[in-house]
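Coordinates from start_4.txt are shown below (compact mmCIF, C-alpha atoms and all ligand atoms).
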# COMPACT_ATOMS: atom_id res chain seq x y z
CA MET N 1 -20.95 -0.02 22.81
CA THR N 2 -22.11 -2.78 20.56
CA TYR N 3 -23.16 -1.47 17.14
CA ASP N 4 -26.14 -3.04 15.45
CA VAL N 5 -23.94 -3.46 12.40
CA VAL N 6 -20.28 -2.98 11.58
CA VAL N 7 -19.64 -2.61 7.86
CA ILE N 8 -16.12 -3.62 6.87
CA GLY N 9 -15.12 -1.77 3.69
CA GLY N 10 -16.36 1.69 2.74
CA GLY N 11 -16.60 1.53 -1.05
CA PRO N 12 -19.88 1.85 -2.99
CA ALA N 13 -21.27 -1.40 -1.51
CA GLY N 14 -20.36 -0.68 2.11
CA LEU N 15 -21.42 2.97 2.13
CA SER N 16 -24.74 2.10 0.46
CA GLY N 17 -25.38 -0.63 3.02
CA ALA N 18 -24.57 1.80 5.83
CA VAL N 19 -27.01 4.39 4.42
CA ALA N 20 -29.79 1.79 4.29
CA LEU N 21 -29.04 0.79 7.89
CA GLY N 22 -28.79 4.40 9.12
CA ARG N 23 -32.12 5.18 7.48
CA ALA N 24 -33.51 2.14 9.32
CA LEU N 25 -32.40 3.87 12.57
CA ARG N 26 -29.71 1.26 13.22
CA THR N 27 -26.38 2.09 14.86
CA VAL N 28 -23.76 1.46 12.20
CA LEU N 29 -20.00 1.84 11.96
CA VAL N 30 -18.08 1.66 8.68
CA ILE N 31 -14.41 0.66 8.91
CA ASP N 32 -12.62 1.62 5.71
CA ALA N 33 -9.03 1.25 4.57
CA GLY N 34 -9.70 3.90 1.89
CA GLU N 35 -8.39 2.06 -1.17
CA PRO N 36 -11.35 1.55 -3.53
CA ARG N 37 -10.61 -0.63 -6.52
CA ASN N 38 -11.27 2.11 -9.08
CA ALA N 39 -9.00 4.66 -7.31
CA PRO N 40 -6.66 5.06 -10.35
CA ALA N 41 -9.55 5.97 -12.69
CA ASP N 42 -10.35 9.59 -13.56
CA GLY N 43 -14.09 9.12 -13.25
CA ILE N 44 -16.92 6.64 -12.76
CA HIS N 45 -19.00 5.75 -15.82
CA ASN N 46 -22.23 3.80 -16.30
CA TYR N 47 -23.65 5.17 -13.04
CA LEU N 48 -26.81 7.10 -13.78
CA THR N 49 -26.62 10.74 -12.54
CA ARG N 50 -22.97 10.33 -11.37
CA ASP N 51 -21.32 10.01 -14.78
CA GLY N 52 -17.66 11.06 -14.66
CA VAL N 53 -17.51 11.70 -10.90
CA PRO N 54 -13.96 10.97 -9.64
CA PRO N 55 -13.85 7.96 -7.26
CA ALA N 56 -12.49 10.09 -4.38
CA GLU N 57 -15.36 12.57 -4.74
CA TYR N 58 -17.86 9.69 -4.80
CA ALA N 59 -16.37 8.40 -1.53
CA THR N 60 -16.58 11.85 0.09
CA LEU N 61 -20.22 12.23 -0.98
CA GLY N 62 -21.03 8.69 0.20
CA ARG N 63 -19.38 9.17 3.59
CA ALA N 64 -21.32 12.42 4.12
CA GLU N 65 -24.56 10.59 3.33
CA VAL N 66 -23.75 7.85 5.86
CA ARG N 67 -23.06 10.47 8.55
CA ARG N 68 -26.28 12.35 7.69
CA TYR N 69 -28.20 9.30 8.92
CA GLY N 70 -26.15 8.89 12.09
CA GLY N 71 -23.62 6.37 10.76
CA GLU N 72 -20.00 6.55 11.91
CA ILE N 73 -16.91 6.03 9.79
CA ARG N 74 -13.51 4.97 11.04
CA ASP N 75 -10.42 5.05 8.80
CA GLY N 76 -8.50 1.82 9.32
CA ARG N 77 -8.20 -1.82 8.34
CA ALA N 78 -10.05 -4.68 10.00
CA VAL N 79 -7.71 -7.64 10.36
CA THR N 80 -9.85 -10.25 12.12
CA ALA N 81 -13.42 -10.72 13.26
CA THR N 82 -14.48 -13.36 15.74
CA ARG N 83 -17.79 -14.49 17.15
CA THR N 84 -18.84 -13.40 20.64
CA GLU N 85 -21.98 -13.91 22.68
CA ALA N 86 -23.40 -10.58 21.48
CA GLY N 87 -22.37 -11.12 17.87
CA PHE N 88 -18.86 -10.27 16.69
CA GLN N 89 -15.68 -8.55 17.78
CA VAL N 90 -13.70 -6.87 15.03
CA THR N 91 -10.00 -6.13 15.58
CA LEU N 92 -8.37 -3.34 13.59
CA ALA N 93 -4.75 -3.12 12.48
CA ASP N 94 -4.05 -0.55 15.23
CA GLY N 95 -5.11 -3.12 17.85
CA SER N 96 -8.43 -1.48 18.74
CA THR N 97 -11.63 -3.54 18.79
CA VAL N 98 -15.30 -2.88 18.07
CA SER N 99 -18.38 -5.01 18.68
CA ALA N 100 -21.37 -5.62 16.48
CA ARG N 101 -24.52 -7.74 16.39
CA ARG N 102 -24.21 -8.26 12.64
CA LEU N 103 -21.46 -7.79 10.04
CA LEU N 104 -21.61 -6.58 6.46
CA VAL N 105 -18.37 -7.42 4.62
CA THR N 106 -17.79 -5.23 1.56
CA THR N 107 -14.01 -5.35 1.27
CA GLY N 108 -13.93 -5.63 -2.54
CA VAL N 109 -11.16 -7.29 -4.51
CA THR N 110 -7.57 -6.52 -5.48
CA ASP N 111 -6.66 -6.59 -9.18
CA ARG N 112 -3.52 -8.67 -9.75
CA LEU N 113 -1.97 -7.42 -13.00
CA PRO N 114 0.04 -9.64 -15.33
CA GLU N 115 3.79 -9.52 -14.51
CA ILE N 116 4.71 -7.31 -17.46
CA PRO N 117 6.86 -4.21 -16.78
CA GLY N 118 5.06 -0.96 -17.58
CA LEU N 119 1.51 -2.14 -16.89
CA ARG N 120 1.22 -1.09 -13.23
CA GLU N 121 2.03 2.60 -13.73
CA ARG N 122 -0.45 2.86 -16.63
CA TRP N 123 -3.24 0.93 -14.86
CA GLY N 124 -6.59 2.73 -15.01
CA HIS N 125 -5.27 5.28 -17.56
CA THR N 126 -4.00 3.61 -20.74
CA VAL N 127 -4.08 0.05 -19.36
CA LEU N 128 -7.71 -0.96 -19.00
CA HIS N 129 -9.83 -4.00 -18.25
CA CYS N 130 -13.50 -3.15 -18.77
CA PRO N 131 -15.05 -1.72 -21.95
CA TYR N 132 -18.14 -0.61 -20.04
CA CYS N 133 -15.97 1.49 -17.69
CA HIS N 134 -13.63 3.03 -20.29
CA GLY N 135 -14.67 1.92 -23.81
CA TYR N 136 -16.56 5.06 -24.75
CA GLU N 137 -13.69 7.31 -23.64
CA VAL N 138 -11.16 5.44 -25.83
CA ARG N 139 -13.46 4.77 -28.80
CA GLY N 140 -11.75 4.85 -32.18
CA THR N 141 -8.23 4.48 -30.74
CA ARG N 142 -5.66 1.71 -31.32
CA ILE N 143 -6.50 -0.94 -28.72
CA GLY N 144 -4.12 -3.81 -27.90
CA ILE N 145 -5.39 -6.86 -26.03
CA ILE N 146 -2.58 -8.66 -24.19
CA ALA N 147 -3.56 -12.30 -23.74
CA THR N 148 -2.91 -13.90 -20.38
CA THR N 149 -5.73 -16.44 -20.57
CA PRO N 150 -8.05 -17.76 -23.32
CA MET N 151 -10.53 -15.06 -22.16
CA ALA N 152 -8.51 -12.72 -24.40
CA MET N 153 -10.57 -14.07 -27.31
CA HIS N 154 -13.71 -12.65 -25.72
CA GLY N 155 -11.99 -9.29 -25.21
CA ALA N 156 -10.67 -9.16 -28.77
CA LEU N 157 -14.17 -9.61 -30.22
CA LEU N 158 -15.87 -7.32 -27.68
CA TRP N 159 -13.57 -4.30 -27.98
CA GLY N 160 -14.28 -4.20 -31.72
CA GLN N 161 -17.56 -2.57 -30.76
CA TRP N 162 -15.62 0.55 -29.71
CA THR N 163 -12.87 0.64 -32.35
CA LYS N 164 -11.99 -0.93 -35.68
CA ASP N 165 -8.30 -1.05 -34.67
CA VAL N 166 -7.92 -4.04 -32.34
CA THR N 167 -4.66 -6.00 -32.03
CA LEU N 168 -4.56 -9.27 -30.11
CA PHE N 169 -1.12 -10.01 -28.62
CA ARG N 170 -1.02 -13.79 -28.21
CA ASN N 171 1.79 -13.44 -25.64
CA ASP N 172 2.67 -17.15 -25.86
CA THR N 173 -0.46 -17.93 -23.82
CA PHE N 174 -3.35 -18.12 -26.25
CA THR N 175 -3.58 -19.88 -29.62
CA PRO N 176 -6.88 -19.41 -31.44
CA ASP N 177 -8.38 -22.57 -32.91
CA PRO N 178 -9.46 -22.49 -36.61
CA ASP N 179 -12.97 -21.37 -35.73
CA GLN N 180 -11.65 -18.57 -33.51
CA GLU N 181 -9.21 -17.54 -36.26
CA ARG N 182 -12.17 -17.14 -38.63
CA GLN N 183 -14.01 -15.03 -36.07
CA LEU N 184 -10.99 -12.78 -35.46
CA ARG N 185 -10.50 -12.32 -39.23
CA ALA N 186 -14.18 -11.53 -39.71
CA ARG N 187 -13.99 -8.85 -36.99
CA GLY N 188 -10.80 -7.37 -38.51
CA VAL N 189 -8.65 -8.16 -35.46
CA THR N 190 -4.88 -8.16 -36.07
CA VAL N 191 -3.19 -11.10 -34.33
CA VAL N 192 0.44 -10.68 -33.20
CA SER N 193 2.53 -13.65 -32.05
CA GLY N 194 5.42 -13.59 -29.56
CA ARG N 195 5.84 -13.00 -25.84
CA VAL N 196 5.23 -9.49 -24.55
CA THR N 197 8.28 -8.43 -22.50
CA ALA N 198 7.36 -4.83 -21.58
CA VAL N 199 5.06 -1.94 -22.30
CA ASP N 200 6.22 1.67 -22.61
CA ASP N 201 5.18 4.89 -24.31
CA ASP N 202 6.66 3.70 -27.65
CA GLY N 203 4.60 0.55 -27.73
CA VAL N 204 4.27 -3.07 -26.74
CA ARG N 205 7.72 -4.72 -26.73
CA LEU N 206 7.99 -8.31 -27.91
CA ALA N 207 10.71 -10.88 -27.13
CA ASP N 208 12.13 -10.61 -30.68
CA GLY N 209 12.64 -6.83 -30.28
CA THR N 210 9.59 -5.77 -32.27
CA VAL N 211 7.73 -2.75 -30.90
CA VAL N 212 4.03 -2.40 -31.79
CA ALA N 213 2.47 1.03 -31.21
CA TYR N 214 -0.81 1.36 -29.31
CA ASP N 215 -3.02 4.01 -27.73
CA ASN N 216 -4.64 1.86 -25.06
CA LEU N 217 -4.08 -1.67 -23.79
CA VAL N 218 -6.47 -4.18 -22.28
CA VAL N 219 -5.43 -6.83 -19.80
CA GLN N 220 -7.37 -9.32 -17.76
CA THR N 221 -6.54 -8.99 -14.08
CA ARG N 222 -6.95 -11.71 -11.53
CA MET N 223 -9.41 -10.41 -8.93
CA GLU N 224 -8.71 -11.55 -5.39
CA PRO N 225 -10.54 -10.79 -2.15
CA GLY N 226 -8.40 -10.09 0.96
CA GLY N 227 -7.48 -13.16 3.01
CA GLU N 228 -7.07 -12.97 6.78
CA LEU N 229 -10.30 -11.20 7.71
CA LEU N 230 -12.43 -13.54 5.60
CA ALA N 231 -10.65 -16.61 6.96
CA SER N 232 -11.12 -15.44 10.57
CA LEU N 233 -14.87 -15.33 9.95
CA GLY N 234 -14.91 -18.77 8.33
CA LEU N 235 -16.06 -17.34 4.99
CA THR N 236 -15.29 -19.54 2.01
CA VAL N 237 -13.19 -18.01 -0.76
CA THR N 238 -13.59 -19.93 -3.98
CA GLU N 239 -12.83 -19.60 -7.70
CA HIS N 240 -15.36 -17.55 -9.66
CA PRO N 241 -16.99 -19.49 -12.54
CA SER N 242 -15.86 -16.80 -15.03
CA GLY N 243 -12.21 -17.67 -14.40
CA ALA N 244 -11.60 -14.02 -13.52
CA GLY N 245 -10.47 -14.69 -9.95
CA ALA N 246 -11.84 -15.61 -6.55
CA TYR N 247 -14.88 -14.49 -4.54
CA VAL N 248 -17.01 -15.21 -1.50
CA PRO N 249 -20.27 -16.73 -2.76
CA ALA N 250 -23.41 -15.59 -0.96
CA GLU N 251 -26.16 -18.04 -0.11
CA ASP N 252 -28.83 -15.94 -1.83
CA PRO N 253 -29.20 -12.64 -3.77
CA THR N 254 -29.52 -10.67 -0.50
CA GLY N 255 -25.86 -11.33 0.35
CA ARG N 256 -26.52 -13.65 3.28
CA THR N 257 -23.56 -16.01 3.78
CA ALA N 258 -23.29 -19.49 5.25
CA VAL N 259 -21.85 -17.86 8.40
CA PRO N 260 -24.83 -16.75 10.54
CA GLY N 261 -24.93 -12.99 11.06
CA VAL N 262 -22.53 -12.17 8.20
CA TRP N 263 -23.54 -10.65 4.86
CA VAL N 264 -21.37 -9.85 1.83
CA ALA N 265 -21.96 -7.34 -0.97
CA GLY N 266 -20.12 -5.73 -3.86
CA ASN N 267 -17.04 -7.10 -5.60
CA VAL N 268 -16.12 -9.46 -2.75
CA ALA N 269 -19.28 -11.42 -3.61
CA ASP N 270 -19.53 -10.47 -7.29
CA PRO N 271 -16.19 -9.63 -8.91
CA MET N 272 -17.95 -8.67 -12.16
CA GLY N 273 -20.08 -6.05 -10.35
CA GLN N 274 -19.83 -2.42 -11.38
CA VAL N 275 -20.20 0.57 -9.08
CA ILE N 276 -23.95 0.89 -9.46
CA THR N 277 -24.62 -2.83 -9.01
CA SER N 278 -22.24 -3.00 -6.02
CA ALA N 279 -24.05 -0.06 -4.45
CA GLY N 280 -27.37 -1.80 -5.13
CA ALA N 281 -26.13 -5.03 -3.54
CA GLY N 282 -25.02 -3.06 -0.47
CA THR N 283 -28.45 -1.44 -0.15
CA MET N 284 -30.14 -4.85 -0.41
CA ALA N 285 -27.83 -6.40 2.20
CA GLY N 286 -28.38 -3.45 4.56
CA ALA N 287 -32.15 -3.85 4.32
CA MET N 288 -31.93 -7.61 4.86
CA ILE N 289 -29.71 -7.20 7.92
CA ASN N 290 -32.27 -4.81 9.39
CA ALA N 291 -35.03 -7.37 8.72
CA ASP N 292 -32.92 -10.07 10.37
CA LEU N 293 -32.44 -7.87 13.46
CA VAL N 294 -36.19 -7.14 13.59
CA GLN N 295 -36.85 -10.88 13.50
CA ALA N 296 -34.37 -11.54 16.34
CA GLU N 297 -35.79 -8.66 18.41
CA THR N 298 -39.34 -9.94 17.87
CA ALA N 299 -38.36 -13.44 18.99
CA ALA N 300 -36.68 -12.01 22.10
CA ALA N 301 -39.75 -9.87 22.90
CA VAL N 302 -42.06 -12.87 22.48
CA ALA N 303 -39.85 -14.97 24.78
CA ALA N 304 -39.87 -12.22 27.41
CA SER N 305 -43.65 -11.69 27.29
C1 LIG N 401 -9.40 0.98 -12.99
C2 LIG N 401 -10.84 0.67 -12.72
C3 LIG N 401 -11.83 1.50 -13.22
C4 LIG N 401 -13.17 1.21 -12.99
N1 LIG N 401 -14.12 2.03 -13.53
C5 LIG N 401 -15.42 1.76 -13.31
C6 LIG N 401 -16.44 2.59 -13.89
O1 LIG N 401 -16.15 3.56 -14.61
N2 LIG N 401 -17.74 2.27 -13.65
C7 LIG N 401 -18.08 1.20 -12.87
O2 LIG N 401 -19.27 0.99 -12.67
N3 LIG N 401 -17.14 0.39 -12.32
C8 LIG N 401 -15.84 0.66 -12.51
N4 LIG N 401 -14.88 -0.16 -11.94
C9 LIG N 401 -15.31 -1.25 -11.05
C10 LIG N 401 -15.51 -0.67 -9.62
O3 LIG N 401 -14.25 -0.28 -9.12
C11 LIG N 401 -16.14 -1.72 -8.70
O4 LIG N 401 -17.37 -2.13 -9.25
C12 LIG N 401 -16.44 -1.13 -7.31
O5 LIG N 401 -15.28 -0.52 -6.78
C13 LIG N 401 -16.92 -2.22 -6.35
O6 LIG N 401 -17.29 -1.62 -5.13
P1 LIG N 401 -17.02 -2.34 -3.72
O7 LIG N 401 -17.65 -1.46 -2.70
O8 LIG N 401 -17.43 -3.75 -3.78
O9 LIG N 401 -15.42 -2.37 -3.55
P2 LIG N 401 -14.35 -1.19 -3.47
O10 LIG N 401 -14.81 0.01 -4.20
O11 LIG N 401 -13.06 -1.78 -3.89
O12 LIG N 401 -14.33 -0.80 -1.93
C14 LIG N 401 -13.82 -1.67 -0.95
C15 LIG N 401 -13.32 -0.83 0.20
O13 LIG N 401 -13.00 -1.69 1.30
C16 LIG N 401 -11.75 -1.33 1.83
N5 LIG N 401 -11.19 -2.51 2.52
C17 LIG N 401 -10.68 -3.64 1.98
N6 LIG N 401 -10.29 -4.49 2.95
C18 LIG N 401 -10.56 -3.87 4.12
C19 LIG N 401 -10.39 -4.24 5.47
N7 LIG N 401 -9.87 -5.42 5.81
N8 LIG N 401 -10.77 -3.36 6.44
C20 LIG N 401 -11.31 -2.15 6.12
N9 LIG N 401 -11.51 -1.75 4.83
C21 LIG N 401 -11.14 -2.60 3.86
C22 LIG N 401 -10.94 -0.87 0.63
O14 LIG N 401 -9.84 -0.08 1.02
C23 LIG N 401 -12.03 -0.08 -0.13
O15 LIG N 401 -12.09 1.25 0.31
C24 LIG N 401 -13.53 0.08 -12.20
C25 LIG N 401 -12.54 -0.75 -11.70
C26 LIG N 401 -11.21 -0.47 -11.95
C27 LIG N 401 -10.15 -1.40 -11.42
Translate the structure described by the file into structure tokens.
Amino acid sequence: MTYDVVVIGGGPAGLSGAVALGRALRTVLVIDAGEPRNAPADGIHNYLTRDGVPPAEYATLGRAEVRRYGGEIRDGRAVTATRTEAGFQVTLADGSTVSARRLLVTTGVTDRLPEIPGLRERWGHTVLHCPYCHGYEVRGTRIGIIATTPMAMHGALLWGQWTKDVTLFRNDTFTPDPDQERQLRARGVTVVSGRVTAVDDDGVRLADGTVVAYDNLVVQTRMEPGGELLASLGLTVTEHPSGAGAYVPAEDPTGRTAVPGVWVAGNVADPMGQVITSAGAGTMAGAMINADLVQAETAAAVAAS
């Protein structure tokens, strides 16, 4: 069969889009590789009525909601999608194919961590990136910001809202100018020079052997959308203006892309998006895809009359 819509990626954006489409009585299939970006986190915060829900439980609840409205979910990874007369053919990693009239791409981003030993295994627990996701939970603790770009300045000032104990590790990558030095002093931020060589339970290890104790660390990741699938569709991956990574820019706030019949929503289109805004973007894209199908069906009915 040809689905009205295949949603590629079953995180908050994709599942929300699928619910909107199912509720619009559309046939919809979600293909999901099952690796949401926030998987390492204990719970989701800043999501009204879902505060603290573990990401896996959120996915289970979301999948059940999609199925309640007739949507189907297939575990797997889409590797390419190509245009056909009816719309698109999506090929999965296991070699199977599915067809759709429209596509909603909600594949998210991957966080590339700085190449510092000890960060990966602590990621999402004591190595953090977003104060709005974790700040409240770690308020009042010793926070270390490891600079990997000049954006560390922003982080050093911001995290002072949650604790008075902020240390900025310059890590041989960021040198504050005199104005920034004044700002850091005024906010009570401790600045530590030297390259960070590793992180362990004792502290942040510097190239000269110094170990600085911490409770929680903050790093800026580079956010990158997956490659092959997007390229096969002709979607443009470009640098995000924030400097935080790459994304697929939509043509308008509904998620419509420059590739006819393809919408994007969630982190793939907005790397700064949180769970609730990604879910909202998915709902919007789902509704707009339904409207687009209605328009096409109306035109076909007029032509046939
Ligand atoms: C450690 C951490 C903690 C966070 N905590 C919070 C928080 O507390 N509150 C908050 O609001 N935000 C939080 N975030 C941000 C949150 O993770 C994102 O806003 C949200 O995941 C974006 O949803 P999404 O649907 O766009 O992408 P994702 O949730 O990443 O979902 C994308 C899905 O698509 C799948 N996929 C990818 N490629 C393919 C493919 N080719 N074929 C099939 N499936 C594919 C993936 O496996 C995944 O299941 C956190 C992020 C991190 C890294």
Throw together the list of residues within 6 Å of ligand LIG 401 (chain N), counting only C-alpha atoms and all ligand atoms, and drop it here as a PyMOL selection string.
chain N and resi 8-14+31-38+40-41+44-46+76-79+106-109+124+133+266-268+273-276+278
If we count all atoms listed in the file, what is near Arg195 of chain N at a cut-off of 8 Å, once residues fewer than 5 positions away on the same chain are taken out, given as a PyMOL selection string?
chain N and resi 170-172+206-207
So that I can check the surroundings of Tyr132 of chain N, please list as a list of chain:residue names every protein, DNA and RNA residue that reaches within 12 Å of it, counting all atoms listed in the file and ignoring chain neighbours fewer than 3 positions away.
N:Ile44, N:His45, N:Asn46, N:Tyr47, N:Leu128, N:His129, N:Gly135, N:Tyr136, N:Glu137, N:Val138, N:Arg139, N:Gly155, N:Leu158, N:Trp159, N:Gln161, N:Trp162, N:Met272, N:Gly273, N:Gln274, N:Val275
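Between atom CA of Asp165 of chain N and atom CA of Ser193 of chain N lies a distance of 16.8 Å.
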Could you state the separation of atom CA of Ala59 of chain N and atom CA of Ile73 of chain N in Å, given to one decimal place?
11.6 Å
How close does segment 82-168 of chain N get to segment 293-305 of chain N? List, as CSV, each residue of segment 82-168 of chain N within 12 Å, its nearest atom pair and the distance in Å to one decimal, counting only C-alpha atoms.
residue,atom,partner,partner_atom,distance
N:Gly87,CA,N:Leu293,CA,11.5
N:Ala100,CA,N:Leu293,CA,11.7
N:Arg101,CA,N:Leu293,CA,8.4
N:Arg102,CA,N:Leu293,CA,8.3
N:Leu103,CA,N:Leu293,CA,11.5
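Comparing the minimum interatomic distances between Arg256 of chain N and each of N:Val105, N:Val237, N:Val218, N:Val166, counting only C-alpha atoms, we find that N:Val105 sits nearest.
The two atoms in question, atom CA of Ala285 of chain N and atom CA of Val7 of chain N, are spaced 10.7 Å apart.
Ranking N:Gly140, N:Pro260, N:Gly188, N:Gly280 by their shortest atom-to-atom distance to Phe88 of chain N, with only C-alpha atoms included, puts N:Pro260 first.
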Counting all atoms listed in the file, which of N:Gly43, N:Ile289, N:Arg68, N:Glu228 gets nearest to Ala93 of chain N?
N:Glu228
Do you know which residues are at most 8 Å from Asp270 of chain N counting all atoms listed in the file, after dropping those on the same chain fewer than 6 positions away, and could you put them as a PyMOL selection string?
chain N and resi 247-249
List every protein, DNA or RNA residue with an atom no more than 10 Å from (8.4, 1.9, -20.0) in the file's coordinates, counting only C-alpha atoms, and format the result as an NGL selection string.
:N and (117-119 or 121-122 or 198-205)
As JSON: centre and edge lengths in Å, one decimal, of the axis-aligned box holding segment 235-238 of chain N with 5 Å per side:
{"center_x": -14.6, "center_y": -18.6, "center_z": 0.5, "size_x": 12.9, "size_y": 12.6, "size_z": 19.0}
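The smallest atom-to-atom distance between Thr197 of chain N and any of N:Leu233, N:Ile116, N:Gln183, N:Leu168, using all atoms listed in the file, is found for N:Ile116.
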Close residues, Ser99 of chain N itself excluded, 7 Å, all atoms listed in the file, min 2 positions apart in chain, as a tab-separated table (two decimals) with C-alpha atoms, in the coordinates of the input:
chain	number	residue	atom	x	y	z
N	1	MET	CA	-20.95	-0.02	22.81
N	2	THR	CA	-22.11	-2.78	20.56
N	3	TYR	CA	-23.16	-1.47	17.14
N	88	PHE	CA	-18.86	-10.27	16.69
N	89	GLN	CA	-15.68	-8.55	17.78
N	90	VAL	CA	-13.70	-6.87	15.03
N	97	THR	CA	-11.63	-3.54	18.79
Could you give me, as a list in words, the residues within 12 Å of Ala186 of chain N, counting all atoms listed in the file and dropping anything in the same chain fewer than 4 positions from it?
Ala156, Leu157, Gly160, Lys164, Asp179, Gln180, Glu181, Arg182 and Thr190 of chain N
Residue among N:Leu104, N:Arg83, N:Ser242, N:Gly194 lying closest to Ala147 of chain N, counting all atoms listed in the file:
N:Gly194
Using the partial input, fill out segment 88-109 of chain N with N, CA and C atoms; write the result as a compact mmCIF listing (two decimals), keeping the file's coordinate frame.
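After the write, out.txt holds the following:
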# COMPACT_ATOMS: atom_id res chain seq x y z
N PHE N 88 -20.23 -10.19 17.23
CA PHE N 88 -18.86 -10.27 16.69
C PHE N 88 -17.96 -9.22 17.34
N GLN N 89 -16.69 -9.55 17.43
CA GLN N 89 -15.68 -8.55 17.78
C GLN N 89 -14.73 -8.40 16.61
N VAL N 90 -14.58 -7.16 16.16
CA VAL N 90 -13.70 -6.87 15.03
C VAL N 90 -12.43 -6.21 15.57
N THR N 91 -11.28 -6.72 15.16
CA THR N 91 -10.00 -6.13 15.58
C THR N 91 -9.38 -5.40 14.39
N LEU N 92 -8.98 -4.16 14.64
CA LEU N 92 -8.37 -3.34 13.59
C LEU N 92 -6.85 -3.46 13.64
N ALA N 93 -6.21 -3.02 12.57
CA ALA N 93 -4.75 -3.12 12.48
C ALA N 93 -4.05 -2.36 13.60
N ASP N 94 -4.68 -1.31 14.14
CA ASP N 94 -4.05 -0.55 15.23
C ASP N 94 -4.28 -1.21 16.59
N GLY N 95 -4.91 -2.38 16.61
CA GLY N 95 -5.11 -3.12 17.85
C GLY N 95 -6.43 -2.83 18.54
N SER N 96 -7.15 -1.79 18.11
CA SER N 96 -8.43 -1.48 18.74
C SER N 96 -9.48 -2.50 18.31
N THR N 97 -10.56 -2.58 19.10
CA THR N 97 -11.63 -3.54 18.79
C THR N 97 -12.98 -2.83 18.80
N VAL N 98 -13.92 -3.36 18.03
CA VAL N 98 -15.30 -2.88 18.07
C VAL N 98 -16.22 -4.09 18.06
N SER N 99 -17.43 -3.90 18.60
CA SER N 99 -18.38 -5.01 18.68
C SER N 99 -19.61 -4.72 17.84
N ALA N 100 -20.19 -5.78 17.32
CA ALA N 100 -21.37 -5.62 16.48
C ALA N 100 -22.27 -6.84 16.60
N ARG N 101 -23.58 -6.60 16.40
CA ARG N 101 -24.52 -7.74 16.39
C ARG N 101 -24.48 -8.45 15.04
N ARG N 102 -24.27 -7.68 13.98
CA ARG N 102 -24.21 -8.26 12.64
C ARG N 102 -23.03 -7.62 11.89
N LEU N 103 -22.56 -8.33 10.86
CA LEU N 103 -21.46 -7.79 10.04
C LEU N 103 -21.87 -7.75 8.57
N LEU N 104 -21.49 -6.66 7.92
CA LEU N 104 -21.61 -6.58 6.46
C LEU N 104 -20.18 -6.43 5.92
N VAL N 105 -19.74 -7.42 5.16
CA VAL N 105 -18.37 -7.42 4.62
C VAL N 105 -18.41 -6.96 3.16
N THR N 106 -17.78 -5.83 2.91
CA THR N 106 -17.79 -5.23 1.56
C THR N 106 -16.37 -4.78 1.22
N THR N 107 -15.44 -5.70 1.37
CA THR N 107 -14.01 -5.35 1.27
C THR N 107 -13.49 -5.37 -0.17
N GLY N 108 -14.35 -5.70 -1.14
CA GLY N 108 -13.93 -5.63 -2.54
C GLY N 108 -12.89 -6.68 -2.93
N VAL N 109 -12.20 -6.39 -4.01
CA VAL N 109 -11.16 -7.29 -4.51
C VAL N 109 -9.91 -6.46 -4.86
